[in-house]
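Next comes protein.cif, with mmCIF, C-alpha atoms.
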```cif
data_entry
#
loop_
_atom_site.label_atom_id
_atom_site.label_comp_id
_atom_site.auth_asym_id
_atom_site.auth_seq_id
_atom_site.Cartn_x
_atom_site.Cartn_y
_atom_site.Cartn_z
CA MET A 3 -11.63 50.62 13.91
CA ALA A 4 -15.12 50.65 12.46
CA PRO A 5 -17.40 47.66 13.19
CA GLY A 6 -17.45 46.82 9.50
CA SER A 7 -13.66 46.77 9.36
CA LYS A 8 -13.50 44.46 12.38
CA ALA A 9 -16.00 42.08 10.81
CA GLU A 10 -14.08 42.10 7.52
CA LYS A 11 -10.79 41.44 9.32
CA LYS A 12 -12.33 38.55 11.27
CA ALA A 13 -13.83 37.11 8.07
CA ALA A 14 -10.44 37.33 6.34
CA LEU A 15 -8.70 35.61 9.27
CA ASP A 16 -11.34 32.88 9.36
CA ALA A 17 -11.00 32.32 5.62
CA GLY A 18 -7.22 32.18 5.90
CA ALA A 19 -7.38 29.71 8.78
CA TRP A 20 -9.87 27.55 6.86
CA MET A 21 -7.68 27.50 3.74
CA PHE A 22 -4.57 26.72 5.79
CA ASN A 23 -6.39 23.84 7.46
CA VAL A 24 -7.54 22.41 4.12
CA VAL A 25 -4.13 22.71 2.47
CA THR A 26 -2.21 21.19 5.37
CA SER A 27 -4.75 18.38 5.87
CA VAL A 28 -4.63 17.40 2.20
CA GLY A 29 -0.84 17.69 2.17
CA ILE A 30 -0.46 15.39 5.20
CA ILE A 31 -2.79 12.81 3.63
CA MET A 32 -0.83 12.86 0.36
CA VAL A 33 2.54 12.51 2.09
CA ASN A 34 1.29 9.74 4.39
CA LYS A 35 -0.19 7.80 1.47
CA ALA A 36 3.03 8.24 -0.50
CA LEU A 37 5.05 6.84 2.39
CA MET A 38 2.72 3.88 2.84
CA ALA A 39 1.73 2.95 -0.71
CA THR A 40 4.69 4.07 -2.81
CA HIS A 41 7.59 3.66 -0.40
CA GLY A 42 6.26 0.75 1.67
CA PHE A 43 6.43 2.47 5.08
CA SER A 44 3.58 0.50 6.65
CA PHE A 45 4.09 1.69 10.25
CA ALA A 46 1.02 3.90 10.61
CA THR A 47 1.01 3.99 14.41
CA THR A 48 4.65 4.99 14.74
CA LEU A 49 4.21 7.53 11.96
CA THR A 50 1.40 9.10 13.95
CA GLY A 51 3.70 9.32 16.97
CA MET A 52 6.22 11.17 14.82
CA HIS A 53 3.52 13.64 13.78
CA PHE A 54 2.65 14.36 17.41
CA ALA A 55 6.31 14.68 18.38
CA THR A 56 6.57 17.47 15.80
CA THR A 57 3.34 18.98 17.13
CA THR A 58 4.77 18.90 20.65
CA LEU A 59 7.82 20.84 19.52
CA MET A 60 5.59 23.44 17.87
CA THR A 61 3.45 23.85 21.00
CA LEU A 62 6.61 24.32 23.09
CA VAL A 63 7.76 27.04 20.70
CA MET A 64 4.35 28.73 20.88
CA LYS A 65 4.42 28.58 24.70
CA TRP A 66 7.88 30.15 24.66
CA LEU A 67 6.59 32.91 22.37
CA GLY A 68 3.62 33.49 24.67
CA TYR A 69 0.86 32.32 22.34
CA VAL A 70 -0.14 29.44 24.66
CA GLN A 71 -0.89 30.35 28.27
CA PRO A 72 -0.54 27.93 31.23
CA SER A 73 -3.68 25.91 31.98
CA HIS A 74 -4.83 22.88 33.96
CA LEU A 75 -6.18 19.53 32.80
CA PRO A 76 -6.60 16.65 35.30
CA LEU A 77 -4.54 13.54 34.58
CA SER A 78 -7.64 11.32 34.49
CA GLU A 79 -9.21 13.49 31.81
CA LEU A 80 -5.95 13.56 29.86
CA VAL A 81 -5.67 9.76 29.88
CA LYS A 82 -9.23 9.34 28.59
CA PHE A 83 -8.72 11.91 25.86
CA VAL A 84 -5.42 10.38 24.73
CA PHE A 85 -7.12 6.97 24.45
CA PHE A 86 -9.89 8.33 22.21
CA ALA A 87 -7.51 10.52 20.21
CA ASN A 88 -5.00 7.73 19.61
CA LEU A 89 -7.80 5.38 18.56
CA SER A 90 -8.96 8.04 16.12
CA ILE A 91 -5.66 9.01 14.52
CA VAL A 92 -4.20 5.49 14.41
CA GLY A 93 -7.45 4.17 12.97
CA MET A 94 -7.38 6.88 10.31
CA ASN A 95 -3.80 6.15 9.31
CA VAL A 96 -4.40 2.38 9.22
CA SER A 97 -7.55 3.03 7.17
CA LEU A 98 -5.48 5.17 4.79
CA MET A 99 -2.89 2.40 4.55
CA TRP A 100 -5.41 -0.37 3.79
CA ASN A 101 -7.94 1.59 1.72
CA SER A 102 -7.87 3.80 -1.34
CA VAL A 103 -7.67 7.56 -0.78
CA GLY A 104 -11.19 7.90 -2.19
CA PHE A 105 -12.76 5.44 0.24
CA TYR A 106 -10.73 6.91 3.09
CA GLN A 107 -12.18 10.35 2.39
CA ILE A 108 -15.72 9.01 1.95
CA ALA A 109 -15.49 7.16 5.26
CA LYS A 110 -14.49 10.39 6.98
CA LEU A 111 -17.79 11.94 5.91
CA SER A 112 -19.65 9.45 8.09
CA ILE A 113 -18.03 11.07 11.15
CA ILE A 114 -20.50 13.96 10.80
CA PRO A 115 -23.75 11.98 11.20
CA LEU A 116 -22.24 9.83 13.97
CA LEU A 117 -21.19 12.94 15.90
CA CYS A 118 -24.68 14.38 15.44
CA ILE A 119 -26.21 11.18 16.81
CA MET A 120 -23.92 11.36 19.84
CA GLU A 121 -24.97 14.95 20.51
CA VAL A 122 -28.63 13.95 20.34
CA LEU A 123 -28.11 11.00 22.71
CA PHE A 124 -25.75 12.58 25.25
CA GLU A 125 -26.61 16.29 25.12
CA ASN A 126 -30.27 16.23 24.05
CA PHE A 127 -29.39 18.43 21.08
CA ARG A 128 -32.06 18.89 18.42
CA TYR A 129 -31.35 19.41 14.74
CA SER A 130 -33.54 21.07 12.14
CA ARG A 131 -35.36 19.13 9.45
CA ASP A 132 -32.95 20.41 6.77
CA THR A 133 -29.93 19.25 8.78
CA LYS A 134 -31.47 15.80 9.22
CA LEU A 135 -32.09 15.54 5.47
CA SER A 136 -28.48 16.57 4.78
CA ILE A 137 -27.25 13.82 7.13
CA VAL A 138 -29.40 11.26 5.32
CA VAL A 139 -27.86 12.33 2.00
CA VAL A 140 -24.36 11.90 3.46
CA LEU A 141 -25.19 8.42 4.75
CA VAL A 142 -26.67 7.35 1.40
CA GLY A 143 -23.57 8.63 -0.39
CA VAL A 144 -21.25 6.76 1.97
CA GLY A 145 -23.28 3.58 1.51
CA VAL A 146 -23.23 3.82 -2.28
CA CYS A 147 -19.50 4.49 -2.41
CA THR A 148 -18.79 1.65 0.04
CA VAL A 149 -20.69 -0.85 -2.11
CA SER A 150 -19.28 0.38 -5.43
CA ASP A 151 -15.63 0.78 -4.39
CA VAL A 152 -14.02 -2.46 -5.56
CA SER A 153 -10.86 -1.74 -3.57
CA VAL A 154 -12.63 -2.10 -0.22
CA ASN A 155 -11.59 -5.18 1.74
CA ALA A 156 -12.63 -6.60 5.10
CA GLN A 157 -9.65 -5.35 7.11
CA GLY A 158 -9.85 -1.93 5.48
CA LEU A 159 -13.56 -1.66 6.29
CA VAL A 160 -12.94 -2.61 9.94
CA ALA A 161 -10.15 -0.03 10.18
CA ALA A 162 -12.45 2.62 8.71
CA VAL A 163 -15.23 1.83 11.21
CA ILE A 164 -12.79 2.04 14.15
CA ALA A 165 -11.37 5.29 12.79
CA VAL A 166 -14.80 6.88 12.35
CA CYS A 167 -16.02 5.85 15.82
CA GLY A 168 -12.77 6.93 17.48
CA THR A 169 -12.80 10.31 15.73
CA ALA A 170 -16.41 11.00 16.68
CA LEU A 171 -15.66 10.15 20.32
CA GLN A 172 -12.56 12.34 20.27
CA GLN A 173 -14.39 15.35 18.83
CA HIS A 174 -17.22 14.95 21.31
CA TYR A 175 -14.70 14.81 24.18
CA VAL A 176 -12.83 17.84 22.82
CA ASN A 177 -16.00 19.94 23.10
CA TYR A 178 -16.59 18.61 26.61
CA LEU A 179 -13.07 19.42 27.85
CA GLN A 180 -13.01 22.87 26.27
CA ARG A 181 -16.30 23.80 27.92
CA LYS A 182 -15.52 22.31 31.34
CA TYR A 183 -11.94 23.57 31.74
CA SER A 184 -12.12 26.72 29.58
CA LEU A 185 -9.45 25.48 27.19
CA ASN A 186 -8.98 26.79 23.69
CA SER A 187 -7.62 24.50 20.99
CA LEU A 188 -3.97 25.49 21.49
CA LYS A 189 -4.10 25.03 25.27
CA LEU A 190 -5.71 21.61 24.86
CA LEU A 191 -3.12 20.65 22.25
CA GLY A 192 -0.35 21.71 24.63
CA HIS A 193 -1.63 19.16 27.15
CA THR A 194 -2.44 16.32 24.77
CA ALA A 195 0.28 16.37 22.09
CA PRO A 196 3.18 15.34 24.39
CA ALA A 197 1.13 12.51 25.92
CA GLN A 198 0.03 11.27 22.50
CA ALA A 199 3.56 11.46 21.10
CA ALA A 200 5.04 9.51 24.02
CA SER A 201 2.35 6.82 24.04
CA LEU A 202 2.38 6.29 20.28
CA LEU A 203 6.16 6.23 19.92
CA ILE A 204 6.42 3.65 22.72
CA LEU A 205 3.54 1.43 21.64
CA GLY A 206 3.71 2.16 17.92
CA PRO A 207 6.39 -0.34 16.85
CA PHE A 208 4.61 -3.17 18.67
CA VAL A 209 1.18 -2.27 17.26
CA ASP A 210 2.62 -1.92 13.76
CA PHE A 211 4.33 -5.30 14.00
CA TRP A 212 1.03 -6.87 15.10
CA LEU A 213 -0.80 -5.27 12.17
CA THR A 214 1.77 -5.84 9.41
CA ARG A 215 4.21 -8.50 10.72
CA ASN A 216 7.01 -6.10 9.74
CA ARG A 217 9.55 -4.56 12.10
CA ILE A 218 10.33 -0.87 11.90
CA ASP A 219 14.02 -1.44 12.67
CA THR A 220 14.40 -3.61 9.54
CA PHE A 221 12.91 -1.03 7.18
CA HIS A 222 15.24 0.26 4.47
CA TYR A 223 15.35 4.02 5.08
CA THR A 224 16.13 6.07 1.99
CA SER A 225 16.75 9.81 1.81
CA THR A 226 13.33 10.28 0.19
CA VAL A 227 11.54 8.54 3.04
CA THR A 228 13.43 10.28 5.84
CA SER A 229 13.79 13.85 4.58
CA GLY A 230 13.38 14.21 0.85
CA PRO A 231 10.37 15.98 -0.70
CA ILE A 232 7.61 13.72 -2.06
CA SER A 233 5.85 15.06 -5.12
CA ALA A 234 2.08 15.22 -5.29
CA ASN A 235 2.13 12.67 -8.08
CA SER A 236 4.08 10.08 -6.11
CA TYR A 237 1.13 8.83 -4.10
CA ALA A 238 -0.44 6.87 -6.95
CA LEU A 239 -1.84 3.74 -5.38
CA GLU A 240 -0.39 0.33 -5.93
CA ASP A 241 -2.15 -2.93 -5.17
CA SER A 242 1.04 -4.37 -3.67
CA PRO A 243 3.47 -1.81 -2.22
CA PRO A 244 7.09 -2.54 -3.07
CA SER A 245 9.07 -4.37 -0.44
CA ARG A 246 11.42 -2.13 1.53
CA PHE A 247 12.55 -4.60 4.11
CA LYS A 248 15.94 -6.23 4.45
#
```

Please re-express this file's structure in structure tokens.
Amino acid sequence: MAPGSKAEKKAALDAGAWMFNVVTSVGIIMVNKALMATHGFSFATTLTGMHFATTTLMTLVMKWLGYVQPSHLPLSELVKFVFFANLSIVGMNVSLMWNSVGFYQIAKLSIIPLLCIMEVLFENFRYSRDTKLSIVVVLVGVGVCTVSDVSVNAQGLVAAVIAVCGTALQQHYVNYLQRKYSLNSLKLLGHTAPAQAASLLILGPFVDFWLTRNRIDTFHYTSTVTSGPISANSYALEDSPPSRFK
């Protein structure tokens, strides 16, 4: 195959992977917000555990098919990563539950400058002048949107800060583990997804009760919530989600 053809094939695969990532990320956010805002499923931590249980099943299938090769990750490293990762994903889902979708997305942008600051502090990385100016623009935009978004409340802002800090720490640790133990993303996911699923499904109901004062076993499960498709239009925000508890 000619070098040009290889480069074109790689570019096409990268573009396809990028589009798949965008579509699935947006789809997950829409479904999660629909469950929380429209259907009153306020158990963000347990919901995250369900996501990782599904991810664990997929990694097992990929291992069986040979796409994920055996690898090693020390237990101490795994425990630290799971802590940061759970803090990140739970914080993001709680932020999504307590904030508008717009503010949730704006808050996520602040992960970029925070991660850059961490790289400068811990890895002595140096950014160009243009990159620094871009980061300043992002921070100004986040600040303006935070002040102007009337739906922001104290608990939502705290959840967003925790989510942003946890995500930045997780991403920094991902790079560290991949470099140190020669792990690609699928191998790392094969180690971390089962541990995250188990920890979140065990602790999730207790954390969710502490956050919302609602018990997951008293939730009224409908066919739409458990298995039915949720349309893209069903995630329109409501100031007070309808009660779904017995």

Please tabulate, as CSV, the residues of segment 77-196 of chain A that come within 10 Å of segment 202-211 of chain A, each with its closest pair of atoms and the distance in Å to one decimal, counting all atoms listed in the file and ordering rows by chain, then residue number upward.
```
residue,atom,partner,partner_atom,distance
A:Val84,CA,A:Leu202,CA,9.9
A:Asn88,CA,A:Leu202,CA,7.5
A:Val92,CA,A:Leu202,CA,8.9
A:Val96,CA,A:Asp210,CA,9.4
A:Pro196,CA,A:Leu202,CA,10.0
```

Fill in: d(atom CA of Glu79 of chain A, atom CA of Thr169 of chain A) in Å
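Distance reported for this atom pair: 16.8 Å.
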
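Here the question is which of A:Ala195, A:Val70, A:Leu80, A:Val166 gets nearest to Leu116 of chain A using only C-alpha atoms, and that residue is A:Val166.
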
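Atom CA of Leu62 of chain A is found 23.4 Å from atom CA of Arg181 of chain A.
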
Worksheet item: Any chance you could work out the residue set of the PyMOL selection byres ((chain A and resi 93) around 12) here, as a PyMOL selection string?
Response: chain A and resi 46-47+50+85-92+94-101+106+109-110+157-170+209-210+213

Worksheet, complete the sentence: In Å and to one decimal, atom CA of Ile119 of chain A is distant from atom CA of Gln180 of chain A by 20.0 Å

Worksheet item: What residues come out when you apply the PyMOL selection byres ((chain A and resi 72) around 12) to this file, written as a PyMOL selection string?
Response: chain A and resi 61-62+64-66+68-71+73-75+184-186+188-193

Would you write out those residues with C-alpha atoms, as a PDB file, keeping the file's coordinate frame?
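So the final result, stored in result-v3.pdb, reads:
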```pdb
ATOM      1  CA  THR A  61       3.450  23.850  21.000  1.00  0.00           C
ATOM      2  CA  LEU A  62       6.610  24.320  23.090  1.00  0.00           C
ATOM      3  CA  MET A  64       4.350  28.730  20.880  1.00  0.00           C
ATOM      4  CA  LYS A  65       4.420  28.580  24.700  1.00  0.00           C
ATOM      5  CA  TRP A  66       7.880  30.150  24.660  1.00  0.00           C
ATOM      6  CA  GLY A  68       3.620  33.490  24.670  1.00  0.00           C
ATOM      7  CA  TYR A  69       0.860  32.320  22.340  1.00  0.00           C
ATOM      8  CA  VAL A  70      -0.140  29.440  24.660  1.00  0.00           C
ATOM      9  CA  GLN A  71      -0.890  30.350  28.270  1.00  0.00           C
ATOM     10  CA  SER A  73      -3.680  25.910  31.980  1.00  0.00           C
ATOM     11  CA  HIS A  74      -4.830  22.880  33.960  1.00  0.00           C
ATOM     12  CA  LEU A  75      -6.180  19.530  32.800  1.00  0.00           C
ATOM     13  CA  SER A 184     -12.120  26.720  29.580  1.00  0.00           C
ATOM     14  CA  LEU A 185      -9.450  25.480  27.190  1.00  0.00           C
ATOM     15  CA  ASN A 186      -8.980  26.790  23.690  1.00  0.00           C
ATOM     16  CA  LEU A 188      -3.970  25.490  21.490  1.00  0.00           C
ATOM     17  CA  LYS A 189      -4.100  25.030  25.270  1.00  0.00           C
ATOM     18  CA  LEU A 190      -5.710  21.610  24.860  1.00  0.00           C
ATOM     19  CA  LEU A 191      -3.120  20.650  22.250  1.00  0.00           C
ATOM     20  CA  GLY A 192      -0.350  21.710  24.630  1.00  0.00           C
ATOM     21  CA  HIS A 193      -1.630  19.160  27.150  1.00  0.00           C
TER      22      HIS A 193
END
```

Practice prompt. Take the point (-0.3, 18.7, 5.2) as written in the file and pick out every residue within 12 Å of it, counting all atoms listed in the file; give the list as a PyMOL selection string.
Written response: chain A and resi 21-35+53+232+234

Practice prompt. Write out as a list in words the residues lying within 10 Å of Gly143 of chain A, counting all atoms listed in the file and excluding same-chain residues fewer than 6 positions away.
Written response: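 Using all atoms listed in the file, the neighbours found are Ile108, Ala109, Leu111, Ser112 and Ile137 of chain A.
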
Item to complete: Select, from A:Ala197, A:Ala36, A:Asn216, A:Val122, the residue with the minimum atom-to-atom distance to Val103 of chain A, counting all atoms listed in the file.
Response: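 The shortest atom-to-atom distance to Val103 of chain A comes from A:Ala36.
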
Quick one: what's the axis-aligned box for segment 78-90 of chain A, all listed atoms, 3 Å on every side, centre and edges in Å to one decimal, as AutoDock Vina command-line options?
```
--center_x -7.4 --center_y 9.5 --center_z 25.3 --size_x 10.9 --size_y 14.2 --size_z 24.4
```

Worksheet item: For Val139 of chain A, which of A:Leu67, A:Ala55, A:Ala156, A:Ile114 is the closest residue, counting all atoms listed in the file?
Response: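 Of the candidates, the smallest distance to Val139 of chain A is held by A:Ile114.
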
Worksheet item: Nearest to Leu179 of chain A: which of A:Ser7, A:Ser78, A:Thr57, A:Ser102 is it, counting all atoms listed in the file?
Response: A:Ser78
